[in-house]
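One structure below.
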Amino acid sequence: MTAIALPYRAALRLRPATVASGLVVALLAVALVAPGLLTTRDPNAIDLQSTLLSPSWSHWFGTDDAGRDLYTRVVYGTRESFGIGLGATALAMVVAVVLGFAAGLARGIVDAVLSRILDVAFAFPVLLLALLLIAIRGPSLGTVIVAVGIGSAPGYARMVRGQVLHVRQAGYIQASHALGHTRWAVIRQHLFPNAMRPLVAMMTLGVGQSIVWASGLAFLGLGVAPPSPEWGALLDAGRSSITTSPWLEILPGLVIVVATLALTSLGRTLQHRLEGAAR
């Protein structure tokens, strides 16, 4: 009875916002993996007789200036938008782990130099660093991923360094050294997994942030080029018709906001659960 009741009570403690966020993320996962389950239309099918139609039962999000179904394009754009978010976050975390662990484990001049470099890089806004990289390499899907990832890395690296410095002072780390475990064994078995635990939730938050930053770059014309259905590219394409066909901006923008809020809510929930487990 108790074994059955405990998971049931844990499920009841889930906030409605968390449940709603989970449903949104599940729906986005379907759009990411199998968009054909959510729409039967072709995202690039042009119908010049159906241009700029307002939202209706036939076209839930309306149509764009080429007669393409906007809902279908938003669904298929999930793959590129989340691809950018996941790719940029993964790249940022790889760079952050390398620099953060190097600074956290090193002593003296190495830690001081890396820390000052991270402080200077962190002082620059993410979009500014991204704009510099895009200006050098030119706009493309790969460039956006690298630009957003590199721009996000300094913030993550500072967190990694702080976690390493905190964990290395823990009693079980000192005990492992006292038991004769090698330095690399302690890092692999104890330091790395415990330092990375809080960052799992931060990666969830980072995906949503990366999607927003990539959408901002695309809105400025520096993201993925049309006719890509990437969410930011849809915002960029709808700018010219914002006064006559506002749904071209409002509806993709709402999708970006809802997706980001859902990822943020789940990330916060995961962060709280991990912090509770750590205690």
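Going through the structure tokens in order, the chains are called A, B, and so on, while each chain numbers its residues from 1 and the ligands are numbered from 1 in the order shown.
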Discussion item. Residues near His166 in chain A, anyone? I mean within 10 Å using only C-alpha atoms, not counting same-chain ones fewer than 3 positions away, as a ChimeraX atom specification.
Written reply: /A:104,160-163,169-170,191,194-195
Kindly save the residues from that selection, with N, CA, C and O atoms included, as a CSV table (one decimal), in the first residue's frame.
```
chain,number,residue,atom,x,y,z
A,104,GLY,N,38.7,25.5,-12.7
A,104,GLY,CA,38.4,25.1,-11.3
A,104,GLY,C,39.4,24.1,-10.7
A,104,GLY,O,39.6,24.1,-9.5
A,160,VAL,N,30.3,26.3,-14.3
A,160,VAL,CA,31.0,25.0,-14.1
A,160,VAL,C,32.2,25.2,-13.2
A,160,VAL,O,32.5,24.4,-12.3
A,161,ARG,N,32.9,26.3,-13.3
A,161,ARG,CA,34.1,26.6,-12.5
A,161,ARG,C,33.6,26.7,-11.0
A,161,ARG,O,34.2,26.2,-10.1
A,162,GLY,N,32.5,27.4,-10.8
A,162,GLY,CA,32.0,27.6,-9.4
A,162,GLY,C,31.6,26.2,-8.8
A,162,GLY,O,31.9,26.0,-7.6
A,163,GLN,N,31.0,25.4,-9.6
A,163,GLN,CA,30.6,24.1,-9.1
A,163,GLN,C,31.8,23.2,-8.8
A,163,GLN,O,31.8,22.5,-7.8
A,169,GLN,N,35.8,20.9,-2.4
A,169,GLN,CA,36.0,21.1,-1.0
A,169,GLN,C,35.1,20.1,-0.2
A,169,GLN,O,35.2,20.1,1.1
A,170,ALA,N,34.3,19.3,-0.8
A,170,ALA,CA,33.4,18.4,-0.1
A,170,ALA,C,34.2,17.3,0.6
A,170,ALA,O,35.3,16.9,0.2
A,191,LEU,N,34.0,14.0,-8.7
A,191,LEU,CA,34.0,15.4,-9.0
A,191,LEU,C,33.2,15.7,-10.2
A,191,LEU,O,32.3,16.6,-10.1
A,194,ASN,N,29.2,15.0,-9.8
A,194,ASN,CA,28.5,15.9,-8.8
A,194,ASN,C,28.6,17.4,-9.2
A,194,ASN,O,27.7,18.1,-8.9
A,195,ALA,N,29.6,17.8,-9.9
A,195,ALA,CA,29.7,19.1,-10.4
A,195,ALA,C,28.8,19.4,-11.6
A,195,ALA,O,28.2,20.5,-11.8
```
Item to complete: Do a neighbour search on range 60-70 of chain A at 10 Å with only C-alpha atoms, toss out local chain neighbours closer than 3 positions, and write the hits as a PyMOL selection string.
Response: chain A and resi 41-57+73-76+229+234+237-238+240-241+245+247-248+250-252
Contact check, range 26-106 of chain A to range 210-214 of chain A, at most 12 Å, counting only C-alpha atoms, closest pairs as JSON lines:
```
{"residue": "A:Gly77", "atom": "CA", "partner": "A:Ile211", "partner_atom": "CA", "distance": 11.6}
{"residue": "A:Thr78", "atom": "CA", "partner": "A:Ile211", "partner_atom": "CA", "distance": 10.1}
{"residue": "A:Arg79", "atom": "CA", "partner": "A:Ile211", "partner_atom": "CA", "distance": 11.3}
{"residue": "A:Glu80", "atom": "CA", "partner": "A:Ile211", "partner_atom": "CA", "distance": 9.7}
{"residue": "A:Ser81", "atom": "CA", "partner": "A:Ile211", "partner_atom": "CA", "distance": 6.1}
{"residue": "A:Phe82", "atom": "CA", "partner": "A:Ile211", "partner_atom": "CA", "distance": 6.8}
{"residue": "A:Gly83", "atom": "CA", "partner": "A:Ile211", "partner_atom": "CA", "distance": 8.9}
{"residue": "A:Ile84", "atom": "CA", "partner": "A:Ile211", "partner_atom": "CA", "distance": 6.7}
{"residue": "A:Gly85", "atom": "CA", "partner": "A:Ser210", "partner_atom": "CA", "distance": 4.8}
{"residue": "A:Leu86", "atom": "CA", "partner": "A:Ser210", "partner_atom": "CA", "distance": 8.0}
{"residue": "A:Gly87", "atom": "CA", "partner": "A:Ser210", "partner_atom": "CA", "distance": 9.1}
{"residue": "A:Ala88", "atom": "CA", "partner": "A:Ser210", "partner_atom": "CA", "distance": 6.6}
{"residue": "A:Thr89", "atom": "CA", "partner": "A:Ser210", "partner_atom": "CA", "distance": 7.0}
{"residue": "A:Ala90", "atom": "CA", "partner": "A:Ser210", "partner_atom": "CA", "distance": 10.6}
{"residue": "A:Leu91", "atom": "CA", "partner": "A:Ser210", "partner_atom": "CA", "distance": 11.2}
{"residue": "A:Ala92", "atom": "CA", "partner": "A:Ser210", "partner_atom": "CA", "distance": 10.1}
```
Worksheet entry | Pro154 in chain A surroundings by only C-alpha atoms, 7 Å radius, close-in-sequence under 5 positions cut, as a list in words |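 Contacts, in chain order: Ala96, Leu118, Ala121 and Phe122 of chain A.
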Output file for the selection above: C-alpha atoms, as a PDB file, in the first residue's frame:
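Produced file selection-v5.pdb, reproduced below:
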```pdb
ATOM      1  CA  ALA A  96      32.103  25.399 -20.754  1.00  0.00           C
ATOM      2  CA  LEU A 118      35.642  34.288 -18.900  1.00  0.00           C
ATOM      3  CA  ALA A 121      33.669  37.299 -22.492  1.00  0.00           C
ATOM      4  CA  PHE A 122      30.708  37.156 -20.111  1.00  0.00           C
TER       5      PHE A 122
END
```
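Excluding Val164 in chain A itself and same-chain residues fewer than 6 positions from it, the residues having an atom within 12 Å of it are Ala96, Val97, Val98, Leu99, Gly100, Phe101, Ala102, Ala103, Gly104, Leu105, Ala106, Ala157, Arg158, Ala170, Ile173, Ile187, His190, Leu191, Phe192, Pro193, Asn194, Ala195, Met196, Arg197, Pro198 and Leu199 of chain A, counting only C-alpha atoms.
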Write out as a PDB file with C-alpha atoms, in the first residue's frame the set of residues from range 141-232 of chain A that DSSP, computed on the backbone, places in helix (DSSP H, G or I).
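Done, and the output landed in states_24.pdb:
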```
ATOM      1  CA  LEU A 141      22.261  27.234 -39.971  1.00  0.00           C
ATOM      2  CA  GLY A 142      25.719  26.059 -38.893  1.00  0.00           C
ATOM      3  CA  THR A 143      26.912  29.602 -38.251  1.00  0.00           C
ATOM      4  CA  VAL A 144      23.890  30.376 -36.057  1.00  0.00           C
ATOM      5  CA  ILE A 145      24.513  27.236 -33.972  1.00  0.00           C
ATOM      6  CA  VAL A 146      28.200  28.092 -33.523  1.00  0.00           C
ATOM      7  CA  ALA A 147      27.486  31.778 -32.878  1.00  0.00           C
ATOM      8  CA  VAL A 148      24.820  31.190 -30.231  1.00  0.00           C
ATOM      9  CA  GLY A 149      26.812  28.333 -28.679  1.00  0.00           C
ATOM     10  CA  ILE A 150      30.030  30.326 -28.379  1.00  0.00           C
ATOM     11  CA  GLY A 151      28.113  33.345 -27.135  1.00  0.00           C
ATOM     12  CA  SER A 152      26.457  31.265 -24.396  1.00  0.00           C
ATOM     13  CA  ALA A 153      29.596  29.382 -23.337  1.00  0.00           C
ATOM     14  CA  PRO A 154      31.170  31.979 -20.988  1.00  0.00           C
ATOM     15  CA  GLY A 155      28.150  32.029 -18.674  1.00  0.00           C
ATOM     16  CA  TYR A 156      28.062  28.235 -18.463  1.00  0.00           C
ATOM     17  CA  ALA A 157      31.845  28.082 -17.954  1.00  0.00           C
ATOM     18  CA  ARG A 158      31.620  30.394 -14.943  1.00  0.00           C
ATOM     19  CA  MET A 159      28.948  28.136 -13.438  1.00  0.00           C
ATOM     20  CA  VAL A 160      31.029  25.023 -14.105  1.00  0.00           C
ATOM     21  CA  ARG A 161      34.063  26.609 -12.463  1.00  0.00           C
ATOM     22  CA  GLY A 162      31.996  27.573  -9.425  1.00  0.00           C
ATOM     23  CA  GLN A 163      30.578  24.064  -9.113  1.00  0.00           C
ATOM     24  CA  VAL A 164      34.039  22.492  -9.387  1.00  0.00           C
ATOM     25  CA  LEU A 165      35.406  24.790  -6.686  1.00  0.00           C
ATOM     26  CA  HIS A 166      32.437  23.938  -4.454  1.00  0.00           C
ATOM     27  CA  VAL A 167      32.513  20.180  -4.959  1.00  0.00           C
ATOM     28  CA  GLY A 171      34.231  15.837   2.541  1.00  0.00           C
ATOM     29  CA  TYR A 172      33.825  12.814   0.279  1.00  0.00           C
ATOM     30  CA  ILE A 173      36.402  14.264  -2.123  1.00  0.00           C
ATOM     31  CA  GLN A 174      38.899  14.639   0.701  1.00  0.00           C
ATOM     32  CA  ALA A 175      38.064  11.130   1.902  1.00  0.00           C
ATOM     33  CA  SER A 176      38.687   9.684  -1.576  1.00  0.00           C
ATOM     34  CA  HIS A 177      42.124  11.274  -1.669  1.00  0.00           C
ATOM     35  CA  ALA A 178      42.831   9.954   1.839  1.00  0.00           C
ATOM     36  CA  ARG A 183      43.484  12.260  -8.950  1.00  0.00           C
ATOM     37  CA  TRP A 184      41.839  11.174 -12.212  1.00  0.00           C
ATOM     38  CA  ALA A 185      39.792   8.501 -10.464  1.00  0.00           C
ATOM     39  CA  VAL A 186      38.438  11.082  -8.036  1.00  0.00           C
ATOM     40  CA  ILE A 187      37.616  13.464 -10.898  1.00  0.00           C
ATOM     41  CA  ARG A 188      35.919  10.751 -12.945  1.00  0.00           C
ATOM     42  CA  GLN A 189      33.968   9.056 -10.171  1.00  0.00           C
ATOM     43  CA  HIS A 190      33.097  11.902  -7.836  1.00  0.00           C
ATOM     44  CA  LEU A 191      34.018  15.402  -8.978  1.00  0.00           C
ATOM     45  CA  PHE A 192      32.669  15.345 -12.522  1.00  0.00           C
ATOM     46  CA  PRO A 193      29.227  13.796 -11.906  1.00  0.00           C
ATOM     47  CA  ASN A 194      28.541  15.913  -8.813  1.00  0.00           C
ATOM     48  CA  ALA A 195      29.725  19.142 -10.426  1.00  0.00           C
ATOM     49  CA  MET A 196      27.614  18.478 -13.514  1.00  0.00           C
ATOM     50  CA  ARG A 197      24.413  17.545 -11.672  1.00  0.00           C
ATOM     51  CA  PRO A 198      22.988  21.112 -11.386  1.00  0.00           C
ATOM     52  CA  LEU A 199      23.950  21.863 -14.987  1.00  0.00           C
ATOM     53  CA  VAL A 200      21.552  19.249 -16.370  1.00  0.00           C
ATOM     54  CA  ALA A 201      18.670  21.569 -15.548  1.00  0.00           C
ATOM     55  CA  MET A 202      20.570  24.557 -16.920  1.00  0.00           C
ATOM     56  CA  MET A 203      20.879  22.796 -20.251  1.00  0.00           C
ATOM     57  CA  THR A 204      17.083  22.553 -20.430  1.00  0.00           C
ATOM     58  CA  LEU A 205      16.847  26.280 -19.793  1.00  0.00           C
ATOM     59  CA  GLY A 206      19.618  26.901 -22.314  1.00  0.00           C
ATOM     60  CA  VAL A 207      17.719  25.259 -25.161  1.00  0.00           C
ATOM     61  CA  GLY A 208      14.864  27.725 -24.775  1.00  0.00           C
ATOM     62  CA  GLN A 209      17.234  30.674 -24.512  1.00  0.00           C
ATOM     63  CA  SER A 210      19.125  29.559 -27.614  1.00  0.00           C
ATOM     64  CA  ILE A 211      15.884  29.308 -29.586  1.00  0.00           C
ATOM     65  CA  VAL A 212      14.995  32.875 -28.591  1.00  0.00           C
ATOM     66  CA  TRP A 213      18.437  34.217 -29.500  1.00  0.00           C
ATOM     67  CA  ALA A 214      18.449  32.372 -32.821  1.00  0.00           C
ATOM     68  CA  SER A 215      14.978  33.724 -33.576  1.00  0.00           C
ATOM     69  CA  GLY A 216      16.202  37.226 -32.803  1.00  0.00           C
ATOM     70  CA  LEU A 217      19.098  36.823 -35.220  1.00  0.00           C
ATOM     71  CA  ALA A 218      16.771  35.484 -37.906  1.00  0.00           C
ATOM     72  CA  PHE A 219      14.390  38.399 -37.357  1.00  0.00           C
ATOM     73  CA  TRP A 231      10.572  30.078 -36.424  1.00  0.00           C
ATOM     74  CA  GLY A 232      12.791  33.150 -36.530  1.00  0.00           C
TER      75      GLY A 232
END
```
Fill in: Distance in Å - CA of Leu23 in chain A versus CA of Asp236 in chain A
28.0 Å
